[in-house]
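Q: The following file, data-v8.txt, comprises compact mmCIF, C-alpha atoms:
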# COMPACT_ATOMS: atom_id res chain seq x y z
CA MET A 1 0.00 0.00 0.00
CA GLU A 2 2.84 2.41 0.86
CA ASP A 3 4.54 1.60 -2.47
CA GLN A 4 1.32 2.40 -4.33
CA LYS A 5 0.95 5.72 -2.50
CA ALA A 6 4.61 6.53 -3.18
CA THR A 7 4.21 5.76 -6.90
CA ARG A 8 1.10 7.93 -7.17
CA THR A 9 2.86 10.76 -5.32
CA HIS A 10 5.90 10.37 -7.58
CA ILE A 11 3.73 10.66 -10.72
CA LEU A 12 2.10 13.81 -9.33
CA THR A 13 5.45 15.34 -8.34
CA VAL A 14 6.98 14.72 -11.77
CA GLY A 15 3.77 15.89 -13.42
CA ARG A 16 3.72 19.11 -11.44
CA ARG A 17 7.27 19.91 -12.51
CA LEU A 18 6.49 19.20 -16.17
CA THR A 19 3.17 21.07 -16.04
CA ALA A 20 4.84 24.10 -14.44
CA GLN A 21 7.28 24.14 -17.36
CA LYS A 22 5.01 23.29 -20.30
CA GLY A 23 1.39 23.67 -19.19
CA TYR A 24 -1.19 20.93 -18.86
CA THR A 25 -1.80 20.33 -22.56
CA GLY A 26 1.91 20.65 -23.33
CA VAL A 27 2.70 17.50 -21.36
CA GLY A 28 1.80 14.30 -23.15
CA LEU A 29 1.09 11.15 -21.22
CA SER A 30 4.01 9.33 -22.83
CA GLU A 31 6.43 12.09 -21.77
CA LEU A 32 5.09 12.06 -18.21
CA LEU A 33 5.43 8.28 -17.95
CA LYS A 34 8.92 8.31 -19.44
CA VAL A 35 10.22 11.01 -17.10
CA ALA A 36 8.52 9.36 -14.11
CA SER A 37 9.78 5.90 -15.19
CA VAL A 38 6.30 4.46 -14.78
CA PRO A 39 4.66 1.97 -17.18
CA LYS A 40 1.44 3.05 -18.89
CA GLY A 41 -0.59 0.36 -17.15
CA SER A 42 0.54 1.62 -13.76
CA PHE A 43 -0.64 5.13 -14.61
CA TYR A 44 -4.15 3.87 -15.25
CA HIS A 45 -4.06 1.99 -11.96
CA TYR A 46 -3.87 5.36 -10.20
CA PHE A 47 -5.78 7.62 -12.61
CA ALA A 48 -8.76 6.71 -14.80
CA SER A 49 -7.79 9.29 -17.44
CA LYS A 50 -5.51 12.23 -18.08
CA GLU A 51 -8.29 14.50 -16.85
CA ALA A 52 -8.55 12.49 -13.60
CA TYR A 53 -4.80 12.86 -13.28
CA GLY A 54 -5.11 16.63 -13.91
CA CYS A 55 -7.76 16.85 -11.19
CA ALA A 56 -5.51 14.95 -8.77
CA LEU A 57 -2.57 17.20 -9.68
CA LEU A 58 -4.60 20.34 -8.93
CA GLU A 59 -6.11 18.92 -5.74
CA ASP A 60 -2.62 18.03 -4.52
CA PHE A 61 -1.35 21.52 -5.36
CA ILE A 62 -4.31 23.28 -3.70
CA THR A 63 -3.95 21.18 -0.53
CA GLU A 64 -0.25 21.99 -0.29
CA TYR A 65 -0.85 25.65 -1.12
CA LYS A 66 -3.56 26.03 1.54
CA GLY A 67 -1.14 24.63 4.11
CA ARG A 68 1.53 27.14 3.13
CA LEU A 69 -1.09 29.90 3.04
CA ALA A 70 -2.26 29.11 6.56
CA ASN A 71 1.33 29.16 7.81
CA SER A 72 2.12 32.52 6.21
CA LEU A 73 -1.14 34.33 6.93
CA GLN A 74 -1.37 33.04 10.48
CA HIS A 75 2.25 33.72 11.42
CA LEU A 76 2.05 34.59 15.11
CA LYS A 77 5.10 36.87 15.21
CA MET A 78 3.75 39.33 12.61
CA ASN A 79 0.77 41.65 12.68
CA ALA A 80 -2.00 41.11 10.13
CA ARG A 81 -0.95 43.91 7.76
CA SER A 82 2.62 42.61 7.68
CA ARG A 83 1.37 39.05 7.06
CA PHE A 84 -0.88 40.24 4.24
CA LEU A 85 1.92 42.15 2.51
CA ALA A 86 4.41 39.32 3.13
CA TYR A 87 2.10 36.95 1.26
CA PHE A 88 2.33 39.13 -1.85
CA THR A 89 6.07 39.71 -1.40
CA ASP A 90 6.45 35.93 -1.47
CA TRP A 91 4.14 35.73 -4.52
CA HIS A 92 6.41 38.23 -6.30
CA ARG A 93 9.53 36.26 -5.37
CA LYS A 94 8.06 32.99 -6.63
CA GLN A 95 6.72 34.42 -9.89
CA VAL A 96 10.18 35.65 -10.88
CA SER A 97 11.97 32.53 -9.68
CA PRO A 98 14.04 30.76 -12.33
CA ASN A 99 12.42 27.53 -11.13
CA PRO A 100 9.01 27.12 -12.84
CA GLU A 101 7.85 24.84 -10.01
CA ASP A 102 7.93 27.79 -7.61
CA ARG A 103 5.29 29.61 -9.64
CA CYS A 104 1.62 29.31 -8.87
CA LEU A 105 -0.30 26.71 -10.87
CA VAL A 106 -3.44 28.84 -10.53
CA VAL A 107 -1.70 31.55 -12.56
CA ARG A 108 -0.20 29.03 -14.97
CA LEU A 109 -3.28 26.91 -15.65
CA SER A 110 -6.43 29.00 -15.11
CA ALA A 111 -6.90 30.13 -18.69
CA GLU A 112 -5.71 26.80 -20.08
CA VAL A 113 -8.14 24.56 -18.22
CA ALA A 114 -11.15 26.91 -18.04
CA ASP A 115 -12.67 25.57 -21.26
CA LEU A 116 -10.80 22.27 -21.33
CA SER A 117 -12.14 20.58 -18.22
CA PRO A 118 -15.08 21.64 -16.05
CA ALA A 119 -13.79 19.37 -13.26
CA MET A 120 -10.30 20.91 -13.26
CA SER A 121 -11.78 24.40 -13.57
CA SER A 122 -13.98 23.71 -10.54
CA ILE A 123 -10.99 22.58 -8.46
CA LEU A 124 -9.09 25.75 -9.34
CA HIS A 125 -12.14 27.91 -8.61
CA GLN A 126 -12.62 26.31 -5.19
CA GLY A 127 -8.91 26.79 -4.47
CA VAL A 128 -9.14 30.47 -5.37
CA GLU A 129 -12.21 30.85 -3.14
CA SER A 130 -10.29 29.45 -0.17
CA ILE A 131 -7.33 31.75 -0.87
CA LEU A 132 -9.69 34.74 -1.00
CA ALA A 133 -11.23 33.71 2.33
CA TYR A 134 -7.79 33.59 3.98
CA LEU A 135 -6.88 36.99 2.55
CA ALA A 136 -10.19 38.58 3.61
CA ASN A 137 -9.84 37.18 7.12
CA THR A 138 -6.34 38.60 7.38
CA LEU A 139 -7.64 42.04 6.36
CA LYS A 140 -10.41 41.79 8.97
CA GLU A 141 -7.86 40.81 11.63
CA GLY A 142 -5.73 43.81 10.68
CA VAL A 143 -8.66 46.19 11.09
CA ALA A 144 -9.58 44.58 14.43
CA GLU A 145 -6.03 44.78 15.79
CA GLY A 146 -5.50 48.32 14.50
CA THR A 147 -2.72 47.67 11.97
CA ILE A 148 -5.00 48.32 8.96
CA ALA A 149 -7.28 51.35 8.57
CA GLN A 150 -11.04 50.78 8.53
CA LEU A 151 -12.09 49.09 5.27
CA ASP A 152 -15.51 49.33 3.63
CA ASP A 153 -15.53 45.73 2.38
CA PRO A 154 -12.56 43.50 3.22
CA VAL A 155 -13.95 40.61 1.16
CA ALA A 156 -14.25 42.72 -2.00
CA LEU A 157 -10.84 44.26 -1.36
CA ALA A 158 -9.19 40.83 -0.99
CA GLU A 159 -10.77 39.81 -4.29
CA THR A 160 -9.64 43.00 -6.04
CA ILE A 161 -6.06 42.66 -4.81
CA TYR A 162 -5.88 38.98 -5.72
CA HIS A 163 -7.16 39.69 -9.22
CA LEU A 164 -4.65 42.53 -9.52
CA TRP A 165 -1.86 40.07 -8.74
CA LEU A 166 -3.15 37.47 -11.18
CA GLY A 167 -3.07 40.07 -13.95
CA ALA A 168 0.33 41.38 -12.89
CA SER A 169 1.70 37.83 -12.95
CA LEU A 170 0.45 37.27 -16.50
CA VAL A 171 1.99 40.55 -17.66
CA ALA A 172 5.27 39.64 -15.93
CA SER A 173 5.29 36.35 -17.83
CA LEU A 174 4.72 38.15 -21.13
CA SER A 175 7.23 40.92 -20.52
CA HIS A 176 9.87 38.77 -18.80
CA ASN A 177 10.34 41.40 -16.11
CA ASP A 178 8.77 42.20 -12.78
CA ALA A 179 7.64 45.80 -13.36
CA SER A 180 3.97 44.77 -13.19
CA LEU A 181 4.58 42.92 -9.92
CA ASN A 182 6.32 45.95 -8.44
CA ALA A 183 3.34 48.08 -9.49
CA ALA A 184 0.96 45.53 -7.95
CA MET A 185 2.84 45.75 -4.65
CA ARG A 186 2.68 49.55 -4.62
CA ALA A 187 -1.05 49.39 -5.31
CA THR A 188 -1.54 46.73 -2.62
CA GLU A 189 0.27 48.83 -0.01
CA ALA A 190 -1.91 51.83 -0.92
CA LEU A 191 -5.12 49.78 -0.80
CA VAL A 192 -4.25 48.39 2.66
CA PRO A 193 -3.31 51.57 4.55
CA ARG A 194 -2.25 51.85 8.13
CA PRO A 195 -4.74 53.69 10.39
Before we go any further, please render this structure as structure tokens.
A:
Amino acid sequence: MEDQKATRTHILTVGRRLTAQKGYTGVGLSELLKVASVPKGSFYHYFASKEAYGCALLEDFITEYKGRLANSLQHLKMNARSRFLAYFTDWHRKQVSPNPEDRCLVVRLSAEVADLSPAMSSILHQGVESILAYLANTLKEGVAEGTIAQLDDPVALAETIYHLWLGASLVASLSHNDASLNAAMRATEALVPRP
């Protein structure tokens, strides 16, 4: 049983690396199996189809990401405003990393899977909703503790800032520089003022 779990995890790990580099449709099943050193029959033991594999890949990523998100946005040694800004500082760092695996799969795959797979699209959408909830809660905590000025609608603001960063990440990918991410950080700092 442990060997089966390890093999499935190995396929997902290799697949995440390849998907981060080439996108979901850019990675063929034969390439994935070759790089993972897994026979085709074994793949279908773990995943009913490539779409089922894609769903598992995204679920695995979202689970890991939510764990990292909880750790960063609930960091006990920082106030809420600092935690909120640190999340986006880390986003910036990862989006310009030379390692494609550091970059967010939500940014990388959202447009690609939106029309391709309703199931994969749903997983990404649910992941984004949980990220937005964490961000909104952090804004509310900052207002309550007095590190963030009073906000009209923390939920809408979290959504606006997240969407700003999604767009900035796409522009950074196109332009191969981080000017859009720097602009997004300036805007974020202005939108989340101290009291």
Q: How far is it from CA of Leu109 in chain A to CA of Leu58 in chain A, in Å with one decimal?
A: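 These two atoms are separated by 9.5 Å.
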Q: Using all atoms listed in the file, which of the listed residues (A:Ala6, A:Pro193, A:Ser130, A:Ala184) sits closest to Val143 in chain A?
A: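 Ranked by minimum distance to Val143 in chain A, first place goes to A:Pro193.
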Q: For Leu124 in chain A, which residue out of A:Val38, A:Val106, A:Leu57, A:Val27 is the nearest one, using only C-alpha atoms?
A: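 That would be A:Val106, the residue with the smallest distance to Leu124 in chain A.
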Q: Would you compute the distance between CA of Leu29 in chain A and CA of Gly67 in chain A? Give it in Å to one decimal.
A: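 A separation of 28.8 Å between them.
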Q: As an exercise, work out the distance from CA of Asn79 in chain A to CA of Ala187 in chain A in Å and give it to one decimal place.
A: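 Separation of CA of Asn79 in chain A and CA of Ala187 in chain A: 19.7 Å.
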Q: For Arg93 in chain A, which of A:Asn177, A:Val192, A:Arg17, A:Asp3 is the closest residue, counting only C-alpha atoms?
A: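 The answer is A:Asn177, which sits nearest to Arg93 in chain A.
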Q: Excluding Ala168 in chain A and its own-chain neighbours fewer than 5 positions away, which residues fall within 10 Å of it when counting only C-alpha atoms? Please give them as a list in words.
A: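 Counting only C-alpha atoms, the residues come to His92, Gln95, Tyr162, His163, Ser173, Leu174, Asp178, Ala179, Ser180, Leu181, Asn182, Ala183, Ala184 and Met185 of chain A.
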